[in-house]
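*Asks:* What follows is the file structure21.cif, containing mmCIF, C-alpha atoms:
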data_data
#
loop_
_atom_site.label_atom_id
_atom_site.label_comp_id
_atom_site.auth_asym_id
_atom_site.auth_seq_id
_atom_site.Cartn_x
_atom_site.Cartn_y
_atom_site.Cartn_z
CA MET A 1 15.53 -124.52 89.88
CA SER A 2 19.07 -125.24 88.78
CA VAL A 3 21.25 -122.15 88.39
CA SER A 4 22.63 -123.45 85.10
CA ILE A 5 19.19 -123.25 83.47
CA TYR A 6 18.90 -119.61 84.52
CA ILE A 7 22.33 -118.92 83.07
CA LEU A 8 21.36 -120.65 79.83
CA VAL A 9 18.24 -118.48 79.44
CA MET A 10 20.17 -115.31 80.32
CA ALA A 11 22.93 -116.03 77.86
CA GLY A 12 20.56 -117.24 75.12
CA VAL A 13 18.30 -114.18 75.19
CA THR A 14 21.24 -111.79 75.38
CA TYR A 15 23.02 -113.46 72.46
CA LEU A 16 19.96 -113.52 70.18
CA ILE A 17 19.38 -109.79 70.76
CA ARG A 18 22.89 -109.12 69.49
CA PHE A 19 22.95 -111.76 66.79
CA PHE A 20 19.83 -111.09 64.70
CA PRO A 21 20.37 -107.47 63.65
CA PHE A 22 24.10 -108.01 63.20
CA ALA A 23 23.87 -111.15 61.09
CA PHE A 24 20.78 -110.57 58.98
CA PHE A 25 20.83 -106.88 58.23
CA ARG A 26 22.85 -106.35 55.08
CA LYS A 27 21.12 -103.58 53.16
CA LYS A 28 22.55 -100.10 53.33
CA ILE A 29 20.12 -97.76 55.04
CA THR A 30 19.14 -94.98 52.65
CA SER A 31 16.79 -92.94 54.85
CA LYS A 32 18.58 -89.74 55.78
CA PHE A 33 16.77 -89.61 59.10
CA LEU A 34 17.71 -93.15 60.05
CA ARG A 35 21.32 -92.71 58.94
CA SER A 36 21.60 -89.54 61.00
CA PHE A 37 19.98 -91.27 63.96
CA LEU A 38 22.40 -94.20 63.78
CA TYR A 39 25.33 -91.80 63.47
CA TYR A 40 24.38 -89.96 66.64
CA ILE A 41 23.28 -92.93 68.76
CA PRO A 42 26.73 -94.13 69.95
CA TYR A 43 27.73 -90.69 71.21
CA ALA A 44 24.34 -90.25 72.88
CA VAL A 45 24.59 -93.70 74.55
CA LEU A 46 28.08 -93.04 75.89
CA SER A 47 27.11 -89.57 77.07
CA ALA A 48 24.04 -90.83 78.95
CA MET A 49 26.09 -93.65 80.49
CA THR A 50 28.84 -91.27 81.60
CA ILE A 51 26.84 -88.35 82.99
CA PRO A 52 26.18 -88.28 85.91
CA ALA A 53 27.52 -91.78 86.69
CA ILE A 54 31.17 -90.70 86.36
CA PHE A 55 30.84 -88.47 89.42
CA TYR A 56 29.93 -91.50 91.54
CA SER A 57 32.42 -93.87 89.95
CA THR A 58 35.09 -93.57 92.66
CA GLY A 59 32.87 -93.27 95.71
CA ASN A 60 34.27 -89.78 96.34
CA LEU A 61 33.01 -86.71 94.50
CA ILE A 62 36.32 -84.79 94.67
CA THR A 63 38.52 -87.57 93.25
CA ALA A 64 35.89 -88.24 90.58
CA VAL A 65 35.74 -84.59 89.52
CA VAL A 66 39.55 -84.38 89.33
CA GLY A 67 39.59 -87.52 87.16
CA THR A 68 36.80 -86.18 84.96
CA VAL A 69 38.59 -82.87 84.38
CA ILE A 70 41.82 -84.68 83.49
CA ALA A 71 39.90 -86.89 81.04
CA LEU A 72 38.17 -83.88 79.46
CA ILE A 73 41.43 -81.96 78.98
CA LEU A 74 43.39 -84.90 77.58
CA SER A 75 40.57 -86.02 75.27
CA PHE A 76 40.19 -82.43 74.05
CA PHE A 77 43.73 -82.77 72.74
CA GLU A 78 42.85 -86.16 71.26
CA LEU A 79 45.28 -88.31 73.22
CA PRO A 80 44.84 -92.09 72.77
CA LEU A 81 41.95 -93.75 74.64
CA ILE A 82 44.15 -95.68 77.03
CA VAL A 83 46.23 -92.62 77.93
CA VAL A 84 43.09 -90.62 78.71
CA ALA A 85 41.48 -93.45 80.68
CA LEU A 86 44.51 -94.35 82.79
CA SER A 87 45.55 -90.73 83.43
CA ALA A 88 42.06 -89.94 84.70
CA SER A 89 42.16 -92.98 86.98
CA LEU A 90 45.67 -92.19 88.19
CA GLY A 91 44.65 -88.59 88.89
CA ALA A 92 41.73 -89.80 90.98
CA PHE A 93 43.97 -92.26 92.82
CA LEU A 94 46.61 -89.63 93.67
CA THR A 95 43.93 -87.14 94.72
CA GLY A 96 42.53 -89.82 97.00
CA LEU A 97 45.92 -90.20 98.68
CA LEU A 98 46.04 -86.46 99.40
CA LEU A 99 42.57 -86.30 100.92
CA MET B 1 45.47 -104.73 56.39
CA SER B 2 46.34 -108.28 57.34
CA ARG B 3 44.34 -110.30 59.82
CA PHE B 4 47.13 -110.05 62.34
CA SER B 5 47.47 -106.28 62.18
CA ASP B 6 43.66 -105.95 62.37
CA PHE B 7 43.66 -108.19 65.42
CA ARG B 8 46.52 -106.28 66.99
CA LYS B 9 44.83 -102.93 66.43
CA GLY B 10 41.57 -104.18 67.93
CA PHE B 11 43.46 -105.67 70.85
CA LEU B 12 45.23 -102.37 71.58
CA HIS B 13 42.01 -100.39 71.28
CA GLY B 14 40.43 -102.89 73.66
CA ILE B 15 42.99 -102.59 76.47
CA PRO B 16 41.21 -99.70 78.24
CA ILE B 17 37.97 -101.66 77.91
CA GLY B 18 39.56 -104.76 79.42
CA LEU B 19 41.03 -102.72 82.28
CA GLY B 20 37.72 -101.01 82.93
CA TYR B 21 35.88 -104.31 82.82
CA LEU B 22 38.37 -105.82 85.24
CA SER B 23 37.33 -103.33 87.91
CA VAL B 24 33.61 -103.32 87.11
CA SER B 25 33.33 -107.11 86.97
CA PHE B 26 35.30 -107.35 90.20
CA GLY B 27 32.33 -105.70 91.82
CA PHE B 28 29.96 -108.02 89.98
CA GLY B 29 31.87 -111.06 91.28
CA ILE B 30 31.55 -109.86 94.86
CA MET B 31 27.86 -109.17 94.36
CA ALA B 32 27.15 -112.55 92.73
CA VAL B 33 28.80 -114.50 95.54
CA ASN B 34 26.96 -112.41 98.12
CA SER B 35 23.73 -113.37 96.34
CA GLY B 36 24.47 -117.04 96.95
CA LEU B 37 26.14 -118.10 93.68
CA THR B 38 29.35 -120.11 93.59
CA VAL B 39 32.61 -118.76 92.16
CA LEU B 40 32.18 -121.05 89.14
CA GLU B 41 28.59 -119.93 88.48
CA SER B 42 29.53 -116.25 88.78
CA THR B 43 32.42 -116.65 86.37
CA LEU B 44 30.29 -118.69 83.96
CA ILE B 45 27.68 -115.91 83.84
CA SER B 46 30.33 -113.38 82.83
CA LEU B 47 31.81 -115.73 80.24
CA THR B 48 28.45 -116.38 78.56
CA ASN B 49 26.76 -112.97 78.90
CA LEU B 50 29.41 -110.25 78.70
CA THR B 51 27.07 -107.50 79.87
CA SER B 52 27.03 -105.54 83.12
CA ALA B 53 23.50 -104.35 83.84
CA GLY B 54 21.88 -107.52 82.46
CA GLN B 55 24.04 -109.77 84.60
CA ALA B 56 23.41 -107.80 87.75
CA ALA B 57 19.66 -107.97 87.12
CA GLY B 58 19.94 -111.67 86.25
CA VAL B 59 21.63 -112.46 89.54
CA THR B 60 18.82 -110.67 91.35
CA VAL B 61 16.27 -112.85 89.53
CA ILE B 62 18.19 -116.02 90.44
CA ALA B 63 18.57 -114.96 94.08
CA SER B 64 14.87 -114.23 94.40
CA GLY B 65 13.91 -117.52 92.72
CA GLY B 66 12.12 -115.83 89.81
CA THR B 67 10.67 -117.70 86.83
CA LEU B 68 12.56 -118.29 83.59
CA ALA B 69 10.03 -116.08 81.78
CA GLU B 70 10.87 -113.24 84.15
CA MET B 71 14.55 -113.84 83.49
CA ALA B 72 14.01 -113.69 79.72
CA LEU B 73 11.91 -110.51 79.96
CA VAL B 74 14.40 -108.76 82.22
CA GLN B 75 17.26 -109.57 79.84
CA LEU B 76 15.23 -108.46 76.84
CA THR B 77 14.36 -105.10 78.40
CA ILE B 78 17.81 -104.29 79.67
CA ASN B 79 19.74 -105.60 76.68
CA ILE B 80 17.50 -104.52 73.81
CA ARG B 81 19.87 -101.60 73.27
CA TYR B 82 22.35 -104.11 71.85
CA ALA B 83 19.96 -104.71 68.95
CA LEU B 84 20.19 -101.02 68.13
CA MET B 85 23.97 -101.10 68.39
CA ALA B 86 24.21 -104.27 66.30
CA LEU B 87 22.05 -102.61 63.65
CA SER B 88 24.25 -99.53 63.67
CA LEU B 89 27.45 -101.59 63.38
CA SER B 90 25.96 -103.72 60.59
CA GLN B 91 26.13 -100.57 58.47
CA LYS B 92 29.88 -100.30 58.61
CA LEU B 93 31.11 -103.87 58.24
CA ASP B 94 33.88 -104.73 55.85
CA LYS B 95 33.20 -107.13 52.96
CA SER B 96 35.26 -109.78 54.74
CA PHE B 97 32.55 -109.95 57.41
CA THR B 98 30.84 -113.15 56.26
CA PHE B 99 27.95 -114.85 58.05
CA PRO B 100 30.07 -117.10 60.33
CA HIS B 101 32.11 -114.07 61.37
CA ARG B 102 28.91 -112.15 62.07
CA MET B 103 27.65 -115.06 64.17
CA LEU B 104 30.81 -115.08 66.23
CA ALA B 105 31.49 -111.36 66.55
CA SER B 106 27.90 -110.44 67.48
CA PHE B 107 28.47 -112.19 70.81
CA GLY B 108 30.89 -109.42 71.78
CA ILE B 109 28.76 -106.35 71.12
CA THR B 110 28.80 -104.41 74.39
CA ASP B 111 28.26 -100.70 75.04
CA GLU B 112 31.99 -100.07 75.18
CA ILE B 113 33.00 -102.26 72.24
CA PHE B 114 30.22 -100.71 70.22
CA GLY B 115 31.35 -97.22 71.20
CA VAL B 116 34.93 -97.79 70.09
CA CYS B 117 33.94 -99.69 66.92
CA ALA B 118 31.36 -97.08 65.90
CA ALA B 119 33.95 -94.33 66.26
CA GLN B 120 36.32 -96.02 63.77
CA GLU B 121 36.48 -94.32 60.39
CA SER B 122 37.42 -97.39 58.37
CA PRO B 123 35.05 -100.37 57.83
CA LEU B 124 35.12 -102.96 60.60
CA THR B 125 36.92 -106.22 59.96
CA PRO B 126 36.20 -109.47 61.86
CA PHE B 127 39.69 -109.69 63.31
CA TYR B 128 39.67 -106.12 64.54
CA MET B 129 36.56 -106.99 66.53
CA TYR B 130 37.97 -110.32 67.70
CA GLY B 131 41.07 -108.61 69.10
CA MET B 132 38.94 -106.14 71.01
CA ILE B 133 36.44 -108.75 72.20
CA LEU B 134 39.20 -111.09 73.38
CA ILE B 135 40.92 -108.58 75.65
CA ALA B 136 37.59 -107.19 76.88
CA MET B 137 36.29 -110.69 77.70
CA PHE B 138 39.55 -111.54 79.39
CA GLY B 139 39.22 -108.53 81.70
CA TRP B 140 35.53 -109.18 82.31
CA VAL B 141 35.89 -112.87 83.16
CA LEU B 142 39.12 -112.51 85.13
CA GLY B 143 37.68 -109.61 87.15
CA THR B 144 34.55 -111.60 87.96
CA PHE B 145 36.60 -114.58 89.06
CA LEU B 146 38.89 -112.47 91.23
CA GLY B 147 35.99 -110.55 92.74
CA ALA B 148 34.07 -113.74 93.48
CA TYR B 149 37.14 -115.56 94.79
CA ALA B 150 38.95 -112.85 96.71
CA GLY B 151 36.82 -109.71 96.74
CA GLU B 152 38.33 -108.08 99.75
CA LEU B 153 42.01 -108.30 98.81
CA LEU B 154 42.40 -105.23 96.57
CA PRO B 155 43.10 -101.97 98.47
CA ALA B 156 39.98 -99.81 98.45
CA SER B 157 41.88 -96.81 97.07
CA VAL B 158 42.91 -98.79 93.99
CA SER B 159 39.52 -100.33 93.21
CA ALA B 160 37.85 -96.93 93.72
CA ALA B 161 40.15 -95.24 91.21
CA LEU B 162 39.68 -98.12 88.75
CA GLY B 163 35.99 -97.27 88.71
CA LEU B 164 36.88 -94.23 86.63
CA VAL B 165 38.74 -96.03 83.82
CA LEU B 166 35.69 -96.87 81.71
CA TYR B 167 34.15 -93.43 81.98
CA GLY B 168 37.45 -91.77 81.13
CA MET B 169 37.48 -93.86 77.99
CA PHE B 170 33.92 -92.84 77.12
CA LEU B 171 34.93 -89.19 77.36
CA ALA B 172 37.91 -89.86 75.11
CA ILE B 173 35.48 -91.20 72.51
CA ILE B 174 32.86 -88.45 72.65
CA VAL B 175 34.96 -85.32 73.18
CA PRO B 176 36.97 -85.15 69.91
CA PRO B 177 33.94 -85.35 67.54
CA SER B 178 32.02 -82.96 69.82
CA ARG B 179 34.82 -80.49 69.41
CA LYS B 180 34.66 -80.74 65.61
CA GLU B 181 30.91 -80.89 64.99
CA LYS B 182 28.32 -78.73 66.68
CA SER B 183 25.66 -81.34 65.87
CA VAL B 184 27.47 -84.08 67.84
CA LEU B 185 28.12 -81.68 70.70
CA SER B 186 24.40 -80.81 70.83
CA VAL B 187 23.33 -84.46 70.85
CA VAL B 188 25.89 -85.30 73.55
CA LEU B 189 24.78 -82.41 75.77
CA ILE B 190 21.06 -83.16 75.32
CA SER B 191 21.65 -86.82 76.14
CA ALA B 192 23.68 -85.91 79.24
CA LEU B 193 21.02 -83.46 80.39
CA LEU B 194 18.25 -86.04 79.97
CA SER B 195 20.37 -88.56 81.84
CA VAL B 196 20.83 -86.17 84.75
CA ILE B 197 17.07 -85.56 84.82
CA CYS B 198 16.37 -89.31 84.80
CA TYR B 199 18.95 -89.97 87.48
CA TYR B 200 17.74 -87.40 89.99
CA LEU B 201 14.05 -87.03 89.19
CA ILE B 202 13.04 -90.54 88.05
CA PRO B 203 15.21 -92.85 90.19
CA SER B 204 12.71 -95.70 89.68
CA LEU B 205 13.79 -95.93 86.03
CA SER B 206 16.43 -98.67 85.82
CA GLY B 207 19.89 -97.66 84.59
CA GLY B 208 19.79 -99.68 81.38
CA PHE B 209 16.35 -98.42 80.44
CA ALA B 210 17.21 -94.81 81.27
CA VAL B 211 20.16 -94.94 78.87
CA ILE B 212 17.87 -96.16 76.05
CA VAL B 213 15.32 -93.39 76.67
CA CYS B 214 17.93 -90.61 76.87
CA ALA B 215 20.05 -91.76 73.93
CA VAL B 216 17.12 -92.42 71.60
CA SER B 217 15.46 -89.08 72.44
CA ALA B 218 18.68 -87.13 71.95
CA SER B 219 19.51 -88.93 68.69
CA VAL B 220 16.01 -88.46 67.26
CA LEU B 221 16.28 -84.74 68.06
CA GLY B 222 19.72 -84.67 66.48
CA ALA B 223 18.49 -86.43 63.34
CA ILE B 224 15.64 -83.91 63.00
CA LEU B 225 17.67 -80.78 63.79
CA PHE B 226 20.94 -81.78 62.14
CA PRO B 227 20.26 -84.33 59.37
CA ARG B 228 23.51 -85.62 57.92
CA GLU B 229 24.39 -85.51 54.25
CA GLU B 230 25.42 -88.65 52.37
CA GLU B 231 28.64 -90.39 53.38
CA SER B 232 29.16 -89.44 56.99
#
Output the structure of this file as structure tokens.
*Replies:*
Amino acid sequence: MSVSIYILVMAGVTYLIRFFPFAFFRKKITSKFLRSFLYYIPYAVLSAMTIPAIFYSTGNLITAVVGTVIALILSFFELPLIVVALSASLGAFLTGLLL
Amino acid sequence: MSRFSDFRKGFLHGIPIGLGYLSVSFGFGIMAVNSGLTVLESTLISLTNLTSAGQAAGVTVIASGGTLAEMALVQLTINIRYALMALSLSQKLDKSFTFPHRMLASFGITDEIFGVCAAQESPLTPFYMYGMILIAMFGWVLGTFLGAYAGELLPASVSAALGLVLYGMFLAIIVPPSRKEKSVLSVVLISALLSVICYYLIPSLSGGFAVIVCAVSASVLGAILFPREEES
């Protein structure tokens, strides 16, 4: 089968999943439960995606832990996203050079 | 705010996403070519899908000569979380978000873009999202191309450290509200704990599906234990 047909199906299904709720849902949700659920879901998604994956993200546990600690400290003090992200990465890189 | 300043703000907020994507998609490009796809096909997949786990699974289906129905089902299972995110974002769209804008911007709803958008206090405008989507897509597509075309050129120490960029950004999103609200902190910790359990005890559960299970469970618990008053 041609690869382009596969790509078309992949892209089509993925787009429709994103499109329908975003385009057609206009009412404000009034249910307190649902509103609370939707408020918490982004933080829960990011947390589940980060832990424990972050510890394997550099291929070396020590550099990953150093980067994670740097990110935790800087984000605790609410530094901008890019500062936190790049500092964590730089910390892991420099730690890797020392190892 | 004007369209330009919205766009600029979204673009700036999207830079860490673009950088993170650059490194992640680099790996995807290498993987796609190793699975027998051409550089053009690999890049085209990233341009039209803009999703990590779904693309990786899609390439596996192509490489194994699976049916189109299997492809559709795999994408639906892995990417169904986007429907949840799209629903959540639909609640905080600015009035300027008309149907054509919704049609266009929905293409760019990814975990990371959703995370940053959802954490914004002001209503979302189309051009804020376009700025973010543009830089994120640029990183994603460029990284895929580079990975597919010249995977082995980047020093290993650099690409390894780049693997941390996205996660560092995630922490920067979840830590500040966790510090301010015990409810968010509880949900975040429960979700992380469930994720650890899934990762080590149920390795057969695919990554995308595990995230859905953990996040939905933690958020349901949070909504029951810490219901939020009007106007969050």
*Asks:* Expand the PyMOL selection byres ((chain B and resi 104) around 12) into the individual residues it matches in the shown file, reporting them as number ranges by chain.
*Replies:* A: 15-16, 18-20, 22-23; B: 97-103, 105-109, 126-127, 129-130, 133-134
*Asks:* Write out as a tab-separated table (two decimals) with C-alpha atoms, in the coordinates of the input every residue belonging to chain A that has an atom at most 6 Å from any atom of chain B, counting all atoms listed in the file.
*Replies:*
chain	number	residue	atom	x	y	z
A	11	ALA	CA	22.93	-116.03	77.86
A	15	TYR	CA	23.02	-113.46	72.46
A	17	ILE	CA	19.38	-109.79	70.76
A	18	ARG	CA	22.89	-109.12	69.49
A	19	PHE	CA	22.95	-111.76	66.79
A	21	PRO	CA	20.37	-107.47	63.65
A	22	PHE	CA	24.10	-108.01	63.20
A	23	ALA	CA	23.87	-111.15	61.09
A	33	PHE	CA	16.77	-89.61	59.10
A	36	SER	CA	21.60	-89.54	61.00
A	37	PHE	CA	19.98	-91.27	63.96
A	38	LEU	CA	22.40	-94.20	63.78
A	40	TYR	CA	24.38	-89.96	66.64
A	41	ILE	CA	23.28	-92.93	68.76
A	42	PRO	CA	26.73	-94.13	69.95
A	43	TYR	CA	27.73	-90.69	71.21
A	44	ALA	CA	24.34	-90.25	72.88
A	45	VAL	CA	24.59	-93.70	74.55
A	46	LEU	CA	28.08	-93.04	75.89
A	47	SER	CA	27.11	-89.57	77.07
A	48	ALA	CA	24.04	-90.83	78.95
A	50	THR	CA	28.84	-91.27	81.60
A	51	ILE	CA	26.84	-88.35	82.99
A	52	PRO	CA	26.18	-88.28	85.91
A	54	ILE	CA	31.17	-90.70	86.36
A	57	SER	CA	32.42	-93.87	89.95
A	58	THR	CA	35.09	-93.57	92.66
A	71	ALA	CA	39.90	-86.89	81.04
A	75	SER	CA	40.57	-86.02	75.27
A	76	PHE	CA	40.19	-82.43	74.05
A	81	LEU	CA	41.95	-93.75	74.64
A	82	ILE	CA	44.15	-95.68	77.03
A	85	ALA	CA	41.48	-93.45	80.68
A	89	SER	CA	42.16	-92.98	86.98
A	92	ALA	CA	41.73	-89.80	90.98
A	93	PHE	CA	43.97	-92.26	92.82
*Asks:* One number please: atom CA of B:Tyr128 to atom CA of B:Lys9, in Å, one decimal.
*Replies:*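 Taking atom CA of B:Tyr128 and atom CA of B:Lys9, their separation equals 6.4 Å.
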*Asks:* Have a look at atom CA of B:Tyr149 and atom CA of A:Val9 and let me know their distance in Å, one decimal.
*Replies:*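 So the two atoms, atom CA of B:Tyr149 and atom CA of A:Val9, lie 24.5 Å apart.
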*Asks:* Can you tell me how far atom CA of B:Ile113 sits from atom CA of B:Leu22, in Å to one decimal?
*Replies:* 14.5 Å
*Asks:* From the options A:Leu61, A:Thr68, A:Ile29, A:Ile73, which residue's atoms come nearest to A:Ala88, counting all atoms listed in the file?
*Replies:*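 Under the stated criterion, the closest residue is A:Thr68.
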*Asks:* Can you sort out the box for stretch 54-71 of chain B, edges along x, y and z, all listed atoms in, 5 Å on every side, with centre and edge lengths in Å to one decimal, as AutoDock Vina command-line options?
*Replies:*
--center_x 17.0 --center_y -112.9 --center_z 88.1 --size_x 24.0 --size_y 20.8 --size_z 22.6
*Asks:* May I ask which of the residues A:Ser4, A:Thr30, A:Thr63, A:Thr14 is the closest one to A:Leu98, counting only C-alpha atoms?
*Replies:*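 Looking at the shortest contact to A:Leu98, the residue is A:Thr63.
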*Asks:* Taking the file as shown, find all residues satisfying the PyMOL selection byres ((chain B and resi 142) around 10) and write them as a PyMOL selection string.
*Replies:* chain B and resi 18+21-23+25-26+29+43+46-47+136-141+143-148
*Asks:* Give the answer as one residue: which of A:Leu79, A:Ala64, A:Ala53, A:Leu72 has the shortest atom-to-atom distance to A:Gly91, using all atoms listed in the file?
*Replies:*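 That would be A:Ala64, the residue with the smallest distance to A:Gly91.
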